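A.B. asks: Just final23.tsv, nothing more (TSV, C-alpha atoms and all ligand atoms):
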```tsv
chain	number	residue	atom	x	y	z
A	1	MET	CA	24.94	52.51	-13.28
A	2	TYR	CA	25.11	48.96	-14.65
A	3	GLN	CA	24.22	48.88	-18.36
A	4	GLY	CA	24.64	45.16	-19.02
A	5	ASN	CA	22.37	42.14	-19.01
A	6	PRO	CA	19.71	42.35	-16.24
A	7	ASP	CA	19.86	38.53	-15.95
A	8	ASN	CA	23.36	38.95	-14.58
A	9	LEU	CA	22.12	41.16	-11.75
A	10	GLN	CA	19.48	38.56	-10.96
A	11	ALA	CA	22.17	35.87	-10.82
A	12	LEU	CA	24.04	37.89	-8.19
A	13	GLN	CA	21.06	38.44	-5.91
A	14	GLY	CA	21.58	36.98	-2.43
A	15	ARG	CA	25.10	35.78	-3.26
A	16	ARG	CA	27.94	36.18	-0.79
A	17	ILE	CA	30.81	37.79	-2.62
A	18	ALA	CA	34.22	38.90	-1.33
A	19	VAL	CA	36.03	41.67	-3.18
A	20	GLY	CA	39.76	42.02	-2.48
A	21	VAL	CA	41.12	45.45	-3.41
A	22	CYS	CA	44.85	45.98	-4.03
A	23	ALA	CA	46.94	49.13	-4.50
A	24	GLY	CA	46.39	49.72	-8.19
A	25	ILE	CA	45.44	52.98	-9.81
A	26	ALA	CA	42.25	51.33	-11.13
A	27	SER	CA	40.89	50.71	-7.62
A	28	TYR	CA	38.43	53.55	-8.20
A	29	LYS	CA	36.62	51.38	-10.78
A	30	VAL	CA	35.98	48.73	-8.15
A	31	CYS	CA	33.79	51.20	-6.25
A	32	SER	CA	31.28	50.87	-9.11
A	33	VAL	CA	31.55	47.09	-9.04
A	34	VAL	CA	30.80	46.99	-5.31
A	35	SER	CA	27.90	49.42	-5.72
A	36	THR	CA	26.38	47.33	-8.52
A	37	LEU	CA	26.75	44.13	-6.51
A	38	ALA	CA	25.07	45.75	-3.50
A	39	GLN	CA	22.26	47.09	-5.70
A	40	ALA	CA	21.81	43.58	-7.13
A	41	GLY	CA	21.20	42.31	-3.59
A	42	ALA	CA	24.54	40.57	-3.07
A	43	GLU	CA	26.18	40.47	0.35
A	44	VAL	CA	29.55	42.06	-0.37
A	45	THR	CA	32.55	41.81	1.91
A	46	VAL	CA	35.38	44.09	0.85
A	47	ALA	CA	38.95	43.37	1.98
A	48	MET	CA	41.74	45.87	1.30
A	49	THR	CA	45.52	45.70	1.41
A	50	ALA	CA	47.25	48.37	3.49
A	51	ASP	CA	48.55	50.06	0.34
A	52	ALA	CA	45.12	49.96	-1.32
A	53	GLN	CA	43.89	52.21	1.48
A	54	ARG	CA	46.21	54.93	0.13
A	55	PHE	CA	44.12	55.04	-3.09
A	56	VAL	CA	40.52	54.68	-1.87
A	57	THR	CA	39.47	54.85	1.77
A	58	PRO	CA	37.70	51.91	3.43
A	59	LEU	CA	34.85	54.33	4.21
A	60	VAL	CA	33.94	54.47	0.51
A	61	PHE	CA	33.64	50.70	0.23
A	62	GLN	CA	31.92	50.43	3.61
A	63	SER	CA	29.30	52.92	2.48
A	64	LEU	CA	28.77	51.26	-0.90
A	65	ALA	CA	28.67	47.70	0.44
A	66	GLY	CA	26.74	48.63	3.57
A	67	ARG	CA	29.03	46.34	5.52
A	68	PRO	CA	32.30	46.63	7.47
A	69	VAL	CA	35.48	46.50	5.39
A	70	LEU	CA	38.33	44.15	6.34
A	71	THR	CA	41.44	46.31	6.53
A	72	SER	CA	43.83	44.35	8.74
A	73	PRO	CA	44.31	40.70	9.69
A	74	TRP	CA	44.79	41.86	13.27
A	75	ASP	CA	41.30	43.30	13.82
A	76	SER	CA	39.77	39.97	14.74
A	77	ALA	CA	37.42	40.42	17.68
A	78	ASN	CA	37.05	36.75	18.56
A	79	PRO	CA	40.21	34.63	18.89
A	80	ALA	CA	38.16	31.45	18.48
A	81	ASP	CA	36.78	32.69	15.17
A	82	PRO	CA	39.41	34.68	13.22
A	83	GLN	CA	37.78	37.15	10.85
A	84	HIS	CA	39.54	35.82	7.72
A	85	ILE	CA	38.26	32.28	8.36
A	86	ARG	CA	34.75	33.57	9.03
A	87	ALA	CA	34.82	35.81	5.95
A	88	ALA	CA	36.11	33.00	3.71
A	89	ALA	CA	33.52	30.46	4.86
A	90	ASN	CA	30.32	30.08	2.85
A	91	LEU	CA	31.36	32.51	0.13
A	92	ASP	CA	29.87	32.03	-3.31
A	93	LEU	CA	32.61	33.92	-5.10
A	94	CYS	CA	35.69	36.08	-4.63
A	95	LEU	CA	37.07	38.77	-6.92
A	96	VAL	CA	40.50	40.38	-6.48
A	97	ALA	CA	40.50	43.68	-8.39
A	98	PRO	CA	42.65	45.43	-9.20
A	99	CYS	CA	45.09	42.57	-8.68
A	100	THR	CA	48.54	44.15	-8.59
A	101	MET	CA	51.74	42.69	-10.01
A	102	ASP	CA	52.89	42.24	-6.42
A	103	MET	CA	49.68	40.44	-5.40
A	104	LEU	CA	50.01	38.07	-8.36
A	105	ALA	CA	53.52	37.20	-7.15
A	106	ARG	CA	52.32	36.71	-3.59
A	107	LEU	CA	49.37	34.52	-4.52
A	108	ALA	CA	51.49	32.49	-6.96
A	109	THR	CA	53.88	31.66	-4.13
A	110	GLY	CA	51.18	30.96	-1.55
A	111	ARG	CA	51.78	34.00	0.63
A	112	ALA	CA	49.19	35.06	3.24
A	113	ASP	CA	50.87	38.21	4.49
A	114	CYS	CA	48.10	40.82	4.18
A	115	MET	CA	44.33	41.05	4.52
A	116	VAL	CA	43.63	40.16	0.88
A	117	SER	CA	46.16	37.34	0.44
A	118	LEU	CA	45.16	35.90	3.83
A	119	LEU	CA	41.48	35.95	2.86
A	120	VAL	CA	42.24	34.31	-0.50
A	121	ALA	CA	44.44	31.71	1.22
A	122	SER	CA	41.49	30.84	3.47
A	123	ILE	CA	39.08	30.16	0.61
A	124	ASP	CA	38.53	26.57	-0.48
A	125	ARG	CA	38.77	27.01	-4.25
A	126	ALA	CA	37.30	23.55	-4.82
A	127	ARG	CA	34.00	25.11	-3.66
A	128	THR	CA	34.43	28.81	-4.30
A	129	LYS	CA	35.88	30.34	-7.46
A	130	VAL	CA	38.43	33.11	-7.01
A	131	LEU	CA	38.64	35.56	-9.93
A	132	LEU	CA	41.74	37.68	-10.36
A	133	ALA	CA	41.54	40.87	-12.41
A	134	PRO	CA	45.17	41.94	-12.98
A	135	SER	CA	45.79	45.60	-13.72
A	136	MET	CA	49.11	47.30	-14.24
A	137	ASN	CA	51.34	49.26	-16.56
A	138	GLU	CA	52.00	47.46	-19.87
A	139	THR	CA	55.69	46.93	-19.11
A	140	MET	CA	54.83	45.40	-15.75
A	141	TRP	CA	52.24	43.21	-17.52
A	142	ARG	CA	54.81	41.95	-20.02
A	143	GLN	CA	57.45	41.08	-17.43
A	144	PRO	CA	58.40	37.40	-17.59
A	145	SER	CA	57.77	37.16	-13.83
A	146	THR	CA	54.20	38.43	-14.27
A	147	GLN	CA	53.49	36.02	-17.12
A	148	ARG	CA	55.07	33.15	-15.15
A	149	ASN	CA	52.94	33.99	-12.10
A	150	LEU	CA	49.78	34.16	-14.23
A	151	ALA	CA	50.49	30.69	-15.65
A	152	THR	CA	51.06	29.32	-12.14
A	153	LEU	CA	47.85	30.89	-10.85
A	154	ARG	CA	45.80	29.47	-13.74
A	155	ALA	CA	47.31	26.03	-13.11
A	156	ASP	CA	46.40	26.41	-9.42
A	157	GLY	CA	42.73	26.92	-10.34
A	158	PHE	CA	42.38	30.67	-10.14
A	159	VAL	CA	40.20	32.29	-12.81
A	160	VAL	CA	42.40	34.98	-14.36
A	161	LEU	CA	40.49	37.67	-16.27
A	162	ASP	CA	42.25	39.16	-19.27
A	163	PRO	CA	43.06	42.84	-18.88
A	164	ALA	CA	41.85	45.32	-21.46
A	165	SER	CA	44.21	47.19	-23.72
A	166	GLY	CA	44.29	50.96	-24.15
A	167	TRP	CA	45.07	54.17	-22.31
A	168	GLN	CA	46.95	53.77	-19.05
A	169	ALA	CA	47.24	56.24	-16.20
A	170	CYS	CA	51.03	56.27	-16.72
A	171	ARG	CA	50.30	57.84	-20.15
A	172	SER	CA	51.19	54.83	-22.24
A	173	ILE	CA	48.90	52.68	-24.35
A	174	GLY	CA	48.89	48.92	-24.14
A	175	PRO	CA	47.64	45.84	-22.28
A	176	GLY	CA	47.08	45.96	-18.53
A	177	ARG	CA	43.95	48.08	-18.06
A	178	LEU	CA	41.38	46.84	-15.58
A	179	PRO	CA	38.23	45.83	-17.50
A	180	GLU	CA	35.30	48.21	-17.08
A	181	PRO	CA	33.10	47.70	-13.99
A	182	ASP	CA	30.19	46.20	-15.97
A	183	GLN	CA	32.54	43.64	-17.52
A	184	LEU	CA	33.75	42.63	-14.06
A	185	VAL	CA	30.13	42.25	-12.91
A	186	ASP	CA	29.39	40.12	-15.99
A	187	ALA	CA	32.45	37.96	-15.26
A	188	LEU	CA	31.18	37.36	-11.72
A	189	ALA	CA	27.73	36.33	-12.98
A	190	GLU	CA	29.30	34.01	-15.56
A	191	ALA	CA	31.54	32.44	-12.90
A	192	LEU	CA	28.46	31.70	-10.78
A	193	ARG	CA	26.78	30.03	-13.74
A	194	GLU	CA	29.91	28.01	-14.47
A	195	ALA	CA	30.08	26.90	-10.82
A	196	LEU	CA	26.46	25.76	-11.07
A	197	ARG	CA	27.17	23.82	-14.28
A	198	GLU	CA	30.15	22.12	-12.60
A	199	ALA	CA	28.05	21.21	-9.56
A	200	LEU	CA	25.34	19.70	-11.80
A	201	ARG	CA	27.95	17.67	-13.72
A	202	GLU	CA	29.30	16.28	-10.43
A	203	ALA	CA	25.85	15.48	-9.01
A	301	LIG	C1	50.56	56.00	-8.15
A	301	LIG	C2	50.79	54.51	-8.15
A	301	LIG	C3	50.03	53.72	-8.96
A	301	LIG	C4	50.24	52.33	-8.99
A	301	LIG	N1	49.48	51.55	-9.81
A	301	LIG	C5	49.71	50.22	-9.87
A	301	LIG	C6	48.92	49.41	-10.72
A	301	LIG	O1	48.01	49.87	-11.41
A	301	LIG	N2	49.20	48.07	-10.76
A	301	LIG	C7	50.21	47.51	-9.99
A	301	LIG	O2	50.41	46.30	-10.10
A	301	LIG	N3	50.93	48.27	-9.16
A	301	LIG	C8	50.72	49.60	-9.07
A	301	LIG	N4	51.47	50.37	-8.22
A	301	LIG	C9	52.44	49.71	-7.33
A	301	LIG	C10	51.74	49.08	-6.13
A	301	LIG	O3	50.93	50.05	-5.47
A	301	LIG	C11	52.77	48.50	-5.15
A	301	LIG	O4	53.45	47.42	-5.74
A	301	LIG	C12	52.11	48.06	-3.87
A	301	LIG	O5	53.09	47.71	-2.92
A	301	LIG	C13	51.17	46.90	-4.08
A	301	LIG	O6	50.50	46.64	-2.85
A	301	LIG	P1	49.39	45.51	-2.69
A	301	LIG	O7	49.61	44.49	-3.76
A	301	LIG	O8	49.66	44.95	-1.32
A	301	LIG	O9	48.08	46.16	-2.73
A	301	LIG	C14	51.26	51.74	-8.17
A	301	LIG	C15	52.01	52.57	-7.32
A	301	LIG	C16	51.78	53.92	-7.31
A	301	LIG	C17	52.63	54.78	-6.40
```
Represent the structure from my file as structure tokens, please.
Ligand SMILES: Cc1cc2nc3c(=O)[nH]c(=O)nc-3n(C[C@H](O)[C@H](O)[C@H](O)COP(=O)(O)O)c2cc1C

C.D. replies:
Amino acid sequence: MYQGNPDNLQALQGRRIAVGVCAGIASYKVCSVVSTLAQAGAEVTVAMTADAQRFVTPLVFQSLAGRPVLTSPWDSANPADPQHIRAAANLDLCLVAPCTMDMLARLATGRADCMVSLLVASIDRARTKVLLAPSMNETMWRQPSTQRNLATLRADGFVVLDPASGWQACRSIGPGRLPEPDQLVDALAEALREALREALREA
């Protein structure tokens, strides 16, 4: 249950939020994020990579979000209205969590080769912020390629959340932990406020 600032839940009410789930060990934490968003009254669309579905089943996210989960780019029912375009339109926010080392590399090079990267590629980031929550083993986190991809993604306008440091499932201790679910919820609420401030400055 969310223990943070109730104002943040209020900020999320009625918002359309996409959550992209990748194949990281921390994907179980994102179940709590989706549940909190749904309880706050957000309309949550979960998209999963194929490998993410090895960690947590789409049924879990479908049940928590109360909405269908996007599991494959090829499920589109209407050829005139591909599901990734429909899902990306009119979003208020998108969160990719856990964002794997591989997904960072794919997004940094503009790939659209799976449900999550295709959805992200279809979002107009001038209107809709996309938050990335990287999570991986500390050695993977420190790789020059990971750090290079993070710099590219920041320069491209993605909001990259800093990982936490501490115990890792691979039994090492260091940077690369996914922040706790409440912190991810707070980051989403703050991103909405920031988007509002930007819109007011431009008006
Ligand atoms: C047990 C296990 C745990 C893993 N945990 C992570 C992780 O926390 N972060 C990460 O970047 N990759 C992790 N990987 C590797 C990714 O699952 C792998 O690179 C995968 O192809 C990424 O797929 P996706 O980015 O399309 O979801 C893990 C692999 C296994 C087998």

A.B. asks: Fewer than 3 positions away in the same chain doesn't count, so skip those; otherwise give me all residues within 8 Å of range 187-198 of chain A, counting only C-alpha atoms, as a compact mmCIF listing (two decimals) with C-alpha atoms, in the coordinates of the input.

C.D. replies:
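Dumped to part13.txt:
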```
# COMPACT_ATOMS: atom_id res chain seq x y z
CA ASN A 8 23.36 38.95 -14.58
CA LEU A 9 22.12 41.16 -11.75
CA ALA A 11 22.17 35.87 -10.82
CA LEU A 12 24.04 37.89 -8.19
CA ASP A 92 29.87 32.03 -3.31
CA LEU A 93 32.61 33.92 -5.10
CA LEU A 95 37.07 38.77 -6.92
CA LYS A 129 35.88 30.34 -7.46
CA LEU A 131 38.64 35.56 -9.93
CA GLN A 183 32.54 43.64 -17.52
CA LEU A 184 33.75 42.63 -14.06
CA ARG A 201 27.95 17.67 -13.72
CA GLU A 202 29.30 16.28 -10.43
```

A.B. asks: Produce as an MDAnalysis selection string the set of residues near ligand LIG 301 (chain A), where near means within 6 Å with all atoms listed in the file considered.

C.D. replies: chainID A and resid 22:26 49 51:52 100:103 135:136

A.B. asks: Name the closest residue to Pro6 in chain A among the candidates A:Asp124, A:Asp186, A:Glu138, A:Asp113; distances are taken between atoms, counting only C-alpha atoms.

C.D. replies: A:Asp186

A.B. asks: For the point (42.1, 48.4, -15.0) in file coordinates, what residues are within 7 Å, counting all atoms listed in the file? Give the answer as a list in words?

C.D. replies: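 Checked against the point, the hits come out as Ala26, Pro98, Ser135, Pro163, Gly176, Arg177, Leu178 and Pro179 of chain A.
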
A.B. asks: So which residues fall inside 7 Å of (44.4, 41.1, 0.5) if we count only C-alpha atoms? Mind giving them as a PyMOL selection string?

C.D. replies: chain A and resi 20-22+47-49+114-119

A.B. asks: In Å, how far is it from CA of Ser122 in chain A to CA of Gln53 in chain A?

C.D. replies: 21.6 Å

A.B. asks: With N, CA and C atoms as the goal, would you fill in the gaps in range 22-47 of chain A and present it as a short mmCIF file (atom, residue, chain, number, x, y, z; two decimals), in the coordinates of the input?

C.D. replies:
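Saved result, result-v1.cif, follows:
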```cif
data_model
loop_
_atom_site.label_atom_id
_atom_site.label_comp_id
_atom_site.auth_asym_id
_atom_site.auth_seq_id
_atom_site.Cartn_x
_atom_site.Cartn_y
_atom_site.Cartn_z
N CYS A 22 43.40 45.76 -4.18
CA CYS A 22 44.85 45.98 -4.03
C CYS A 22 45.19 47.41 -4.48
N ALA A 23 46.48 47.74 -4.30
CA ALA A 23 46.94 49.13 -4.50
C ALA A 23 47.25 49.43 -5.96
N GLY A 24 46.24 49.35 -6.79
CA GLY A 24 46.39 49.72 -8.19
C GLY A 24 45.63 51.00 -8.47
N ILE A 25 46.07 51.71 -9.48
CA ILE A 25 45.44 52.98 -9.81
C ILE A 25 43.96 52.79 -10.19
N ALA A 26 43.62 51.59 -10.68
CA ALA A 26 42.25 51.33 -11.13
C ALA A 26 41.30 50.97 -9.99
N SER A 27 41.76 51.10 -8.74
CA SER A 27 40.89 50.71 -7.62
C SER A 27 39.59 51.53 -7.61
N TYR A 28 39.65 52.73 -8.19
CA TYR A 28 38.43 53.55 -8.20
C TYR A 28 37.30 52.87 -8.98
N LYS A 29 37.67 52.06 -10.00
CA LYS A 29 36.62 51.38 -10.78
C LYS A 29 35.89 50.33 -9.94
N VAL A 30 36.57 49.81 -8.95
CA VAL A 30 35.98 48.73 -8.15
C VAL A 30 34.88 49.28 -7.24
N CYS A 31 34.90 50.59 -7.00
CA CYS A 31 33.79 51.20 -6.25
C CYS A 31 32.47 50.96 -7.00
N SER A 32 32.49 51.11 -8.31
CA SER A 32 31.28 50.87 -9.11
C SER A 32 30.86 49.41 -9.07
N VAL A 33 31.87 48.53 -9.09
CA VAL A 33 31.55 47.09 -9.04
C VAL A 33 30.82 46.78 -7.73
N VAL A 34 31.39 47.28 -6.62
CA VAL A 34 30.80 46.99 -5.31
C VAL A 34 29.39 47.58 -5.22
N SER A 35 29.22 48.79 -5.74
CA SER A 35 27.90 49.42 -5.72
C SER A 35 26.89 48.59 -6.52
N THR A 36 27.29 48.14 -7.70
CA THR A 36 26.38 47.33 -8.52
C THR A 36 26.02 46.02 -7.83
N LEU A 37 27.02 45.39 -7.21
CA LEU A 37 26.75 44.13 -6.51
C LEU A 37 25.77 44.35 -5.36
N ALA A 38 25.97 45.45 -4.62
CA ALA A 38 25.07 45.75 -3.50
C ALA A 38 23.66 46.03 -4.02
N GLN A 39 23.58 46.78 -5.13
CA GLN A 39 22.26 47.09 -5.70
C GLN A 39 21.57 45.83 -6.22
N ALA A 40 22.38 44.84 -6.64
CA ALA A 40 21.81 43.58 -7.13
C ALA A 40 21.33 42.69 -5.99
N GLY A 41 21.64 43.10 -4.74
CA GLY A 41 21.20 42.31 -3.59
C GLY A 41 22.22 41.30 -3.13
N ALA A 42 23.48 41.46 -3.56
CA ALA A 42 24.54 40.57 -3.07
C ALA A 42 25.02 41.06 -1.71
N GLU A 43 25.55 40.10 -0.92
CA GLU A 43 26.18 40.47 0.35
C GLU A 43 27.68 40.59 0.07
N VAL A 44 28.17 41.81 0.09
CA VAL A 44 29.55 42.06 -0.37
C VAL A 44 30.47 42.34 0.81
N THR A 45 31.52 41.56 0.91
CA THR A 45 32.55 41.81 1.91
C THR A 45 33.79 42.30 1.20
N VAL A 46 34.19 43.52 1.48
CA VAL A 46 35.38 44.09 0.85
C VAL A 46 36.57 43.92 1.80
N ALA A 47 37.68 43.44 1.25
CA ALA A 47 38.95 43.37 1.98
C ALA A 47 39.96 44.23 1.22
#
```
